[in-house]
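Participant: structure_24.tsv (TSV, C-alpha atoms and all ligand atoms) pasted underneath:
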```
chain	number	residue	atom	x	y	z
A	5	MET	CA	-25.08	-40.48	-2.20
A	6	SER	CA	-21.57	-39.56	-3.30
A	7	ALA	CA	-18.59	-39.73	-0.98
A	8	ALA	CA	-18.62	-35.93	-0.83
A	9	ASP	CA	-22.09	-35.95	0.75
A	10	THR	CA	-20.70	-37.75	3.77
A	11	VAL	CA	-18.00	-35.16	4.44
A	12	ILE	CA	-18.79	-33.24	7.61
A	13	PRO	CA	-16.47	-30.98	9.62
A	14	GLY	CA	-15.53	-32.89	12.75
A	15	SER	CA	-15.54	-36.26	11.00
A	16	PRO	CA	-12.72	-38.55	12.24
A	17	ALA	CA	-11.67	-39.05	8.60
A	18	TYR	CA	-10.28	-35.49	8.67
A	19	ALA	CA	-8.91	-35.43	12.23
A	20	ASP	CA	-5.31	-35.13	10.97
A	21	ASP	CA	-6.27	-32.24	8.72
A	22	ALA	CA	-8.13	-30.50	11.56
A	23	ALA	CA	-5.05	-30.92	13.77
A	24	LEU	CA	-2.84	-29.46	11.04
A	25	ALA	CA	-5.26	-26.56	10.52
A	26	ARG	CA	-5.06	-25.86	14.26
A	27	GLU	CA	-1.27	-26.04	14.34
A	28	LEU	CA	-0.92	-23.69	11.38
A	29	ALA	CA	-3.52	-21.19	12.62
A	30	ASP	CA	-1.79	-21.15	16.00
A	31	ALA	CA	1.71	-20.68	14.58
A	32	THR	CA	0.52	-17.95	12.20
A	33	GLY	CA	-1.25	-16.20	15.07
A	34	ARG	CA	1.94	-16.22	17.13
A	35	LEU	CA	3.92	-14.84	14.19
A	36	LEU	CA	1.36	-12.02	13.94
A	37	LEU	CA	1.48	-11.28	17.68
A	38	ASP	CA	5.28	-10.91	17.40
A	39	LEU	CA	4.89	-8.62	14.40
A	40	ARG	CA	2.30	-6.49	16.21
A	41	ALA	CA	4.62	-6.16	19.20
A	42	SER	CA	7.56	-5.07	17.05
A	43	THR	CA	5.91	-2.55	14.70
A	44	PRO	CA	4.09	0.77	15.14
A	45	PRO	CA	0.34	0.93	14.37
A	46	GLY	CA	-0.62	1.71	10.79
A	47	ARG	CA	-1.12	0.49	7.28
A	48	ASP	CA	2.45	-0.82	6.94
A	49	ARG	CA	1.85	-3.16	9.86
A	50	GLU	CA	-1.43	-4.32	8.28
A	51	TYR	CA	0.21	-5.04	4.89
A	52	ALA	CA	3.20	-6.76	6.51
A	53	GLY	CA	0.81	-8.92	8.55
A	54	ASP	CA	-1.15	-9.99	5.45
A	55	GLU	CA	2.02	-10.78	3.54
A	56	GLN	CA	4.02	-12.57	6.24
A	57	ALA	CA	1.04	-14.67	7.38
A	58	HIS	CA	0.28	-15.63	3.77
A	59	GLN	CA	3.90	-16.58	3.03
A	60	PHE	CA	4.14	-18.70	6.17
A	61	LEU	CA	0.86	-20.54	5.60
A	62	THR	CA	1.39	-21.26	1.92
A	63	ARG	CA	4.97	-22.43	2.52
A	64	GLU	CA	3.88	-24.80	5.31
A	65	LEU	CA	0.92	-26.18	3.31
A	66	ALA	CA	3.17	-26.77	0.28
A	67	ARG	CA	5.62	-28.62	2.55
A	68	LEU	CA	3.10	-30.66	4.54
A	69	ARG	CA	0.32	-31.20	1.98
A	70	PRO	CA	2.18	-30.96	-1.35
A	71	ASP	CA	-0.62	-32.53	-3.41
A	72	ASP	CA	-3.34	-30.15	-2.22
A	73	ALA	CA	-4.41	-26.85	-3.79
A	74	VAL	CA	-4.54	-23.59	-1.80
A	75	LEU	CA	-6.81	-20.56	-2.07
A	76	SER	CA	-5.54	-17.65	0.02
A	77	GLU	CA	-6.88	-14.13	0.20
A	78	GLU	CA	-3.36	-12.94	-0.54
A	79	GLY	CA	-2.51	-15.53	-3.22
A	80	SER	CA	-3.52	-16.31	-6.81
A	81	LEU	CA	-7.23	-15.85	-7.46
A	82	ASP	CA	-7.00	-17.45	-10.91
A	83	PRO	CA	-9.45	-20.38	-10.85
A	84	HIS	CA	-7.16	-22.34	-13.21
A	85	ASP	CA	-4.67	-22.62	-10.34
A	86	ARG	CA	-7.13	-24.73	-8.34
A	87	GLN	CA	-9.33	-26.27	-11.04
A	88	GLY	CA	-10.21	-29.92	-10.50
A	89	ALA	CA	-8.58	-29.90	-7.06
A	90	HIS	CA	-9.99	-32.73	-4.96
A	91	ARG	CA	-8.58	-31.17	-1.76
A	92	LEU	CA	-8.46	-27.39	-1.43
A	93	TRP	CA	-7.15	-25.45	1.56
A	94	ILE	CA	-8.93	-22.11	1.93
A	95	VAL	CA	-7.03	-19.70	4.15
A	96	ASP	CA	-7.45	-16.16	5.34
A	97	PRO	CA	-3.97	-15.43	6.70
A	98	LEU	CA	-5.21	-12.35	8.56
A	99	ASP	CA	-8.93	-11.72	8.87
A	100	GLY	CA	-9.73	-8.32	10.35
A	101	SER	CA	-6.48	-6.93	8.99
A	102	SER	CA	-7.34	-3.26	9.52
A	103	GLY	CA	-7.91	-3.91	13.25
A	104	PHE	CA	-4.56	-5.70	13.37
A	105	GLY	CA	-2.93	-2.65	11.79
A	106	ARG	CA	-4.55	-0.32	14.31
A	107	GLY	CA	-3.65	-2.56	17.25
A	108	THR	CA	-7.03	-4.00	18.27
A	109	ASP	CA	-7.55	-7.63	19.35
A	110	GLU	CA	-10.34	-8.31	16.82
A	111	TRP	CA	-8.47	-10.25	14.14
A	112	GLY	CA	-7.68	-13.86	13.46
A	113	VAL	CA	-6.23	-16.57	11.27
A	114	HIS	CA	-8.44	-18.99	9.31
A	115	VAL	CA	-7.36	-22.34	7.90
A	116	ALA	CA	-9.96	-24.64	6.30
A	117	LEU	CA	-9.93	-27.76	4.14
A	118	VAL	CA	-12.57	-28.29	1.45
A	119	VAL	CA	-12.90	-31.74	-0.12
A	120	ASP	CA	-14.84	-31.93	-3.37
A	121	GLY	CA	-16.57	-28.66	-2.59
A	122	ARG	CA	-17.50	-29.58	1.00
A	123	LEU	CA	-16.00	-28.26	4.20
A	124	ALA	CA	-14.07	-31.09	5.83
A	125	ALA	CA	-11.96	-29.40	8.53
A	126	GLY	CA	-11.02	-25.99	9.82
A	127	ALA	CA	-9.39	-23.99	12.58
A	128	VAL	CA	-9.62	-20.40	13.75
A	129	ALA	CA	-7.07	-18.63	15.93
A	130	ILE	CA	-8.00	-15.37	17.64
A	131	PRO	CA	-4.71	-14.62	19.41
A	132	GLY	CA	-5.94	-11.38	20.99
A	133	ALA	CA	-8.67	-13.35	22.78
A	134	ASP	CA	-6.29	-16.25	23.49
A	135	ALA	CA	-8.65	-18.47	21.51
A	136	LEU	CA	-7.79	-21.39	19.25
A	137	VAL	CA	-10.57	-23.71	18.04
A	138	ASP	CA	-10.68	-26.46	15.44
A	139	SER	CA	-13.27	-28.76	13.95
A	140	GLY	CA	-11.63	-31.88	15.38
A	141	THR	CA	-11.68	-30.91	19.06
A	142	VAL	CA	-14.29	-28.16	19.48
A	143	GLU	CA	-16.87	-28.87	22.17
A	144	ALA	CA	-20.51	-29.25	21.17
A	145	VAL	CA	-22.68	-26.22	21.92
A	146	PRO	CA	-25.94	-27.23	23.64
A	147	ASP	CA	-29.10	-26.28	21.76
A	148	THR	CA	-30.59	-24.28	24.63
A	149	PRO	CA	-33.85	-22.45	23.91
A	150	LEU	CA	-33.73	-18.74	23.29
A	151	GLY	CA	-34.32	-16.42	26.26
A	152	ASP	CA	-36.24	-13.15	26.06
A	153	GLU	CA	-33.73	-11.41	23.82
A	154	LEU	CA	-31.74	-12.34	20.74
A	155	ALA	CA	-28.07	-11.32	20.86
A	156	VAL	CA	-26.99	-10.82	17.25
A	157	THR	CA	-23.33	-10.40	16.38
A	158	VAL	CA	-22.75	-8.29	13.26
A	159	SER	CA	-19.94	-6.53	11.45
A	160	ARG	CA	-18.89	-3.28	13.13
A	161	SER	CA	-18.42	-1.55	9.80
A	162	ARG	CA	-21.02	-3.29	7.60
A	163	PRO	CA	-24.07	-4.47	9.58
A	164	PRO	CA	-26.57	-6.44	7.45
A	165	HIS	CA	-29.70	-4.68	6.29
A	166	GLU	CA	-31.73	-7.82	7.22
A	167	LEU	CA	-31.37	-6.67	10.85
A	168	ARG	CA	-34.60	-4.73	10.41
A	169	ALA	CA	-36.58	-7.94	9.75
A	170	VAL	CA	-34.92	-9.60	12.73
A	171	GLU	CA	-35.70	-6.61	14.96
A	172	ARG	CA	-39.36	-6.84	14.00
A	173	ALA	CA	-39.48	-10.44	15.22
A	174	PHE	CA	-37.21	-10.38	18.33
A	175	ARG	CA	-35.96	-8.11	21.07
A	176	VAL	CA	-32.47	-7.72	19.64
A	177	ARG	CA	-29.24	-6.91	21.43
A	178	LEU	CA	-26.42	-6.10	19.02
A	179	VAL	CA	-22.93	-7.49	19.59
A	180	ARG	CA	-20.74	-5.56	17.15
A	181	ARG	CA	-17.43	-7.22	16.38
A	182	SER	CA	-14.80	-7.04	13.65
A	183	ALA	CA	-13.58	-10.17	11.87
A	184	ALA	CA	-15.63	-13.23	10.93
A	185	GLY	CA	-13.82	-15.66	13.25
A	186	VAL	CA	-14.31	-13.30	16.19
A	187	LYS	CA	-18.07	-13.27	15.56
A	188	MET	CA	-18.24	-17.06	15.14
A	189	LEU	CA	-16.36	-17.39	18.44
A	190	ALA	CA	-18.94	-15.13	20.12
A	191	VAL	CA	-21.68	-17.62	19.11
A	192	LEU	CA	-19.56	-20.59	20.17
A	193	ARG	CA	-19.03	-19.02	23.60
A	194	GLY	CA	-22.67	-18.02	24.03
A	195	GLU	CA	-21.90	-14.27	23.96
A	196	ALA	CA	-24.20	-14.05	20.95
A	197	ASP	CA	-27.10	-16.23	19.80
A	198	VAL	CA	-26.54	-15.66	16.11
A	199	TYR	CA	-23.97	-14.33	13.63
A	200	LEU	CA	-25.72	-12.67	10.72
A	201	HIS	CA	-23.90	-11.20	7.72
A	202	SER	CA	-24.92	-10.01	4.30
A	203	GLY	CA	-23.56	-7.66	1.67
A	204	GLY	CA	-20.65	-9.89	0.79
A	205	GLN	CA	-17.64	-11.81	1.96
A	206	TYR	CA	-15.26	-14.22	0.26
A	207	GLU	CA	-14.82	-17.93	0.85
A	208	TRP	CA	-11.64	-17.32	2.89
A	209	ASP	CA	-13.54	-15.04	5.28
A	210	ASN	CA	-16.00	-17.72	6.37
A	211	ALA	CA	-14.72	-21.23	5.42
A	212	ALA	CA	-12.85	-21.95	8.66
A	213	PRO	CA	-15.38	-20.25	10.96
A	214	MET	CA	-18.19	-22.24	9.29
A	215	ALA	CA	-16.25	-25.53	9.62
A	216	VAL	CA	-15.67	-25.00	13.35
A	217	ALA	CA	-19.26	-23.88	13.91
A	218	MET	CA	-20.66	-26.95	12.12
A	219	ALA	CA	-18.39	-29.29	14.06
A	220	ALA	CA	-19.74	-27.72	17.29
A	221	GLY	CA	-23.30	-28.60	16.23
A	222	LEU	CA	-24.24	-25.08	15.18
A	223	LEU	CA	-26.12	-24.60	11.93
A	224	ALA	CA	-24.10	-22.56	9.46
A	225	THR	CA	-25.82	-21.66	6.20
A	226	ARG	CA	-26.63	-18.80	3.87
A	227	ILE	CA	-29.41	-16.48	5.05
A	228	ASP	CA	-31.99	-18.43	3.00
A	229	GLY	CA	-31.00	-21.64	4.80
A	230	SER	CA	-29.11	-23.13	1.84
A	231	PRO	CA	-25.57	-24.49	2.21
A	232	VAL	CA	-22.66	-22.12	1.62
A	233	PRO	CA	-20.75	-23.43	-1.41
A	234	TYR	CA	-16.95	-23.65	-1.37
A	235	GLY	CA	-14.30	-24.08	-4.02
A	236	GLN	CA	-16.19	-22.09	-6.63
A	237	ASP	CA	-14.41	-20.38	-9.52
A	238	ASP	CA	-15.65	-17.07	-8.10
A	239	PRO	CA	-14.97	-17.12	-4.34
A	240	TYR	CA	-17.54	-14.41	-3.59
A	241	SER	CA	-19.73	-15.56	-0.68
A	242	PRO	CA	-22.69	-13.22	-0.22
A	243	ASP	CA	-24.13	-13.94	3.23
A	244	LEU	CA	-24.28	-16.28	6.20
A	245	LEU	CA	-26.23	-17.26	9.29
A	246	ILE	CA	-24.65	-19.17	12.19
A	247	ALA	CA	-26.66	-20.18	15.26
A	248	ARG	CA	-27.57	-23.17	17.39
A	249	PRO	CA	-30.33	-25.17	15.65
A	250	SER	CA	-33.41	-23.86	17.48
A	251	VAL	CA	-32.28	-20.24	17.12
A	252	HIS	CA	-31.26	-20.76	13.49
A	253	ALA	CA	-34.77	-22.00	12.66
A	254	ALA	CA	-36.42	-19.03	14.40
A	255	VAL	CA	-34.18	-16.45	12.72
A	256	LEU	CA	-34.57	-18.11	9.33
A	257	SER	CA	-38.34	-17.86	9.72
A	258	ALA	CA	-38.05	-14.16	10.53
A	259	LEU	CA	-35.80	-13.63	7.51
A	260	THR	CA	-38.01	-15.50	5.11
A	261	GLY	CA	-41.23	-14.03	6.53
A	262	VAL	CA	-42.86	-17.35	7.41
A	263	ARG	CA	-43.17	-16.91	11.18
B	301	LIG	N1	-19.60	-6.29	2.14
B	301	LIG	C1	-18.44	-6.94	2.12
B	301	LIG	N2	-17.83	-7.22	0.94
B	301	LIG	C2	-16.65	-7.90	0.90
B	301	LIG	N3	-16.00	-8.34	2.01
B	301	LIG	C3	-16.56	-8.08	3.20
B	301	LIG	C4	-17.81	-7.38	3.32
B	301	LIG	N4	-18.12	-7.29	4.63
B	301	LIG	C5	-17.12	-7.91	5.29
B	301	LIG	N5	-16.19	-8.37	4.44
B	301	LIG	C6	-14.94	-9.08	4.80
B	301	LIG	O1	-15.21	-10.03	5.81
B	301	LIG	C7	-14.22	-9.99	6.84
B	301	LIG	C8	-14.90	-9.66	8.15
B	301	LIG	O2	-15.47	-8.38	8.04
B	301	LIG	P1	-16.23	-7.67	9.25
B	301	LIG	O3	-15.21	-7.43	10.29
B	301	LIG	O4	-16.77	-6.41	8.66
B	301	LIG	O5	-17.27	-8.63	9.67
B	301	LIG	C9	-13.20	-8.92	6.42
B	301	LIG	O6	-12.10	-9.61	5.84
B	301	LIG	P2	-10.55	-9.06	5.83
B	301	LIG	O7	-10.29	-8.39	7.11
B	301	LIG	O8	-9.81	-10.34	5.64
B	301	LIG	O9	-10.51	-8.16	4.64
B	301	LIG	C10	-13.97	-8.08	5.42
B	301	LIG	O10	-13.16	-7.53	4.40
B	302	MG	MG	-11.06	-11.88	5.78
```
Please express what this file holds, its structure, as structure tokens.
Facilitator:
Amino acid sequence: MSAADTVIPGSPAYADDAALARELADATGRLLLDLRASTPPGRDREYAGDEQAHQFLTRELARLRPDDAVLSEEGSLDPHDRQGAHRLWIVDPLDGSSGFGRGTDEWGVHVALVVDGRLAAGAVAIPGADALVDSGTVEAVPDTPLGDELAVTVSRSRPPHELRAVERAFRVRLVRRSAAGVKMLAVLRGEADVYLHSGGQYEWDNAAPMAVAMAAGLLATRIDGSPVPYGQDDPYSPDLLIARPSVHAAVLSALTGVR
């Protein structure tokens, strides 16, 4: 087993990084709340939010973790800029940016650390819900058995087509939310049993939500049950499934047709 195989979000070895991720997600979220309060709704607010949050996060990471590489939705996507990086911060400065522009509360800030291709730490701030969670301090979610319905949180704008298979196997209640961190938080808080997404995302959309979910004892995988890879040359990340272990197994069975 290589050292990388032992890296798990929530591990004490990355407690300092989880604390930094939390601090940066929180500060970026507050910067965005101030921007939202001082600008009219619209695309200009959305673009300013993306840009200011990105500038703040990358400046702070360069100052506080000068030897680490950074992949940001708003930064360089050239894989040469992060090739061979042992430690890679993957940040989405403003996830759910269109909602932020319009003035909704369904947006957040994601900060994650990947070590040798494995998630090691992460934090998600959802300022509109007054929520701030990180892989170092998140409370474990109990693996309670499923009740008589399955609450599935999905993208408001792009629900996954696999919902049909899930609806054949369970009595489904949909919890439509924008932004990946908002949906992960719904599972963490028990407002949804599962977060299901397909049709595409990028590593910055799900790295921090997955890190926090895993640290809370949730299972966070692709929709075929395989691990979600991070730090790839192409950051495209097709699909995900986050749920407490017993629910994850049941949904995976429904998705793979082996119930
Ligand atoms: N089919 C798809 N292809 C690419 N990105 C997608 C996608 N569906 C969702 N996303 C991205 O995932 C994030 C959460 O989306 P959703 O709210 O629909 O669940 C959004 O990030 P951004 O807001 O950072 O662009 C969105 O752009
Ligand atoms: Mg995003």
Participant: Quick one: residues within 9 Å of ligand MG 302 (chain B), with only C-alpha atoms and all ligand atoms, as a ChimeraX atom specification?
Facilitator: /A:77,95-101,111-114,183-185,205-210
Participant: Kindly indicate which residue among A:Val186, A:Ala144, A:Ala57, A:Ile12 lies nearest to A:Thr32, using only C-alpha atoms for the distances.
Facilitator: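 Looking at the shortest contact to A:Thr32, the residue is A:Ala57.
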Participant: Choose the residue, out of A:Arg91, A:Arg86, A:His201, A:Arg168, that has the smallest atom-to-atom separation from ligand LIG 301 (chain B); count only C-alpha atoms and all ligand atoms.
Facilitator: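 Closest to ligand LIG 301 (chain B), using only C-alpha atoms and all ligand atoms: A:His201.
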Participant: Can you list, as a count of residues only, every protein, DNA or RNA residue that comes within 10 Å of A:Leu28 when you count all atoms listed in the file, leaving out same-chain residues fewer than 2 positions away?
Facilitator: 21
Participant: With distances taken over all atoms listed in the file, which residue among A:Ala29, A:Val255, A:Leu192, A:Leu75 lies nearest A:Ala219?
Facilitator: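 Of all the options, A:Leu192 lies closest to A:Ala219.
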Participant: I'd like the contact shell of A:Pro163 - 12 Å cut-off, all atoms listed in the file, skipping same-chain residues fewer than 2 positions apart - returned as a PyMOL selection string.
Facilitator: chain A and resi 156-161+165-168+178-182+199-204+243
